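First comes the structure, then the notes that go with it.
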Amino acid sequence: HVQLVESGGGSVEAGGSLRLSCAASDNTISSNWMAWFRQAPGKERDWVAVIFPGGTTTYAASVKGRFTISRDTAKNTVYLQMNSLKPEDTAMYYCAARPKNTRDFGYWGQGTQVTVS
């Protein structure tokens with residue numbers, strides 16, 4: 001089972017940028033759906049961005065044009081580049097994997113906190 005470890009969170013002023021990383025324990029990121037989710041205090045967890053096995057991507061409307069999901073298969077790592085950050089982007093960000101032939105994102109990291117002030 002793949003293990004995921006996020007890093008790169010922190011505190012930043014509005015308008016700033018951060019890059020989150022999600023290191024996977026195996027080389028399946030190119031065959032899985034890989035995604036970033038976020039959860040703000042008192043709110044439900046929402047998806048932010050997905051990268052599919054073929055390399056296509058999709059984004060939530062709230063982040064489209066500001067965030068970019070990518071992957072480096074040589075490093076078994078998925079990234080989330082976040083630009084033009086807003087206070088409403090403040091949340092715990094989670095990386096998740098949905099292996100092929102499954103219906104859910106069954107593997108999750110522990111999360112990394114992003115705070116925008």
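We name chains A, B, ... following the order of the structure tokens; residues begin at 1 in each chain, and ligands are numbered from 1 as shown.
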Please identify every residue of segment 60-116 of chain A that has at least one atom no farther than 7 Å from an atom of segment 13-30 of chain A, counting only C-alpha atoms, and for each give the shortest atom pair and the distance in Å to one decimal, arranged by chain then increasing number, as a Markdown table.
| residue | atom | partner | partner_atom | distance |
| --- | --- | --- | --- | --- |
| A:Thr73 | CA | A:Ser30 | CA | 6.5 |
| A:Asn76 | CA | A:Ala24 | CA | 5.4 |
| A:Thr77 | CA | A:Ala23 | CA | 4.5 |
| A:Val78 | CA | A:Cys22 | CA | 5.0 |
| A:Tyr79 | CA | A:Ser21 | CA | 4.6 |
| A:Leu80 | CA | A:Leu20 | CA | 5.0 |
| A:Gln81 | CA | A:Arg19 | CA | 4.4 |
| A:Met82 | CA | A:Leu18 | CA | 5.3 |
| A:Asn83 | CA | A:Ser17 | CA | 4.4 |
| A:Ser84 | CA | A:Gly15 | CA | 4.2 |
| A:Leu85 | CA | A:Gly15 | CA | 4.9 |
| A:Lys86 | CA | A:Ala14 | CA | 5.0 |
| A:Pro87 | CA | A:Ala14 | CA | 6.3 |
| A:Cys95 | CA | A:Cys22 | CA | 6.2 |
| A:Val116 | CA | A:Glu13 | CA | 5.4 |
Which residues in chain A does DSSP call strand (DSSP E or B)? List them as a PyMOL selection string. chain A and resi 4-7+10-12+18-24+33-39+46-51+57-59+67-72+77-82+91-98+107-108+112-116
Applying 9 Å and only C-alpha atoms, which residues near Val50 of chain A remain after dropping the ones on its own chain fewer than 5 positions away? List them as a ChimeraX atom specification. /A:33-37,56-59,69
Suppose you want the space between atom CA of Gly8 of chain A and atom CA of Tyr93 of chain A; what is it in Å?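 Distance reported for this atom pair: 10.0 Å.
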For Val2 of chain A, which residue out of A:Lys64, A:Lys75, A:Arg103, A:Arg98 is the nearest one, using only C-alpha atoms?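 Closest to Val2 of chain A of all the choices is A:Arg98.
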Please determine, counting only C-alpha atoms, which residue among A:Ile51, A:Val63, A:Leu4, A:Val114 has the shortest atom-to-atom distance to Thr90 of chain A.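 Looking at the shortest contact to Thr90 of chain A, the residue is A:Val114.
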Using only C-alpha atoms, pick whichever of A:Val5, A:Ala91, A:Val48, A:Ala40 has the shortest atom-to-atom distance to Ala61 of chain A. A:Val48
Kindly give the distance, in Å, that separates atom CA of Ala96 of chain A and atom CA of Pro53 of chain A, rounded to a single decimal.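 Those two atoms sit 13.8 Å apart.
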Nearest residue to Asp72 of chain A out of A:Met92, A:Ser117, A:Gly111, A:Gly55, using only C-alpha atoms?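 The shortest atom-to-atom distance to Asp72 of chain A comes from A:Gly55.
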One number please: atom CA of Ser11 of chain A to atom CA of Glu88 of chain A, in Å, one decimal. 13.0 Å
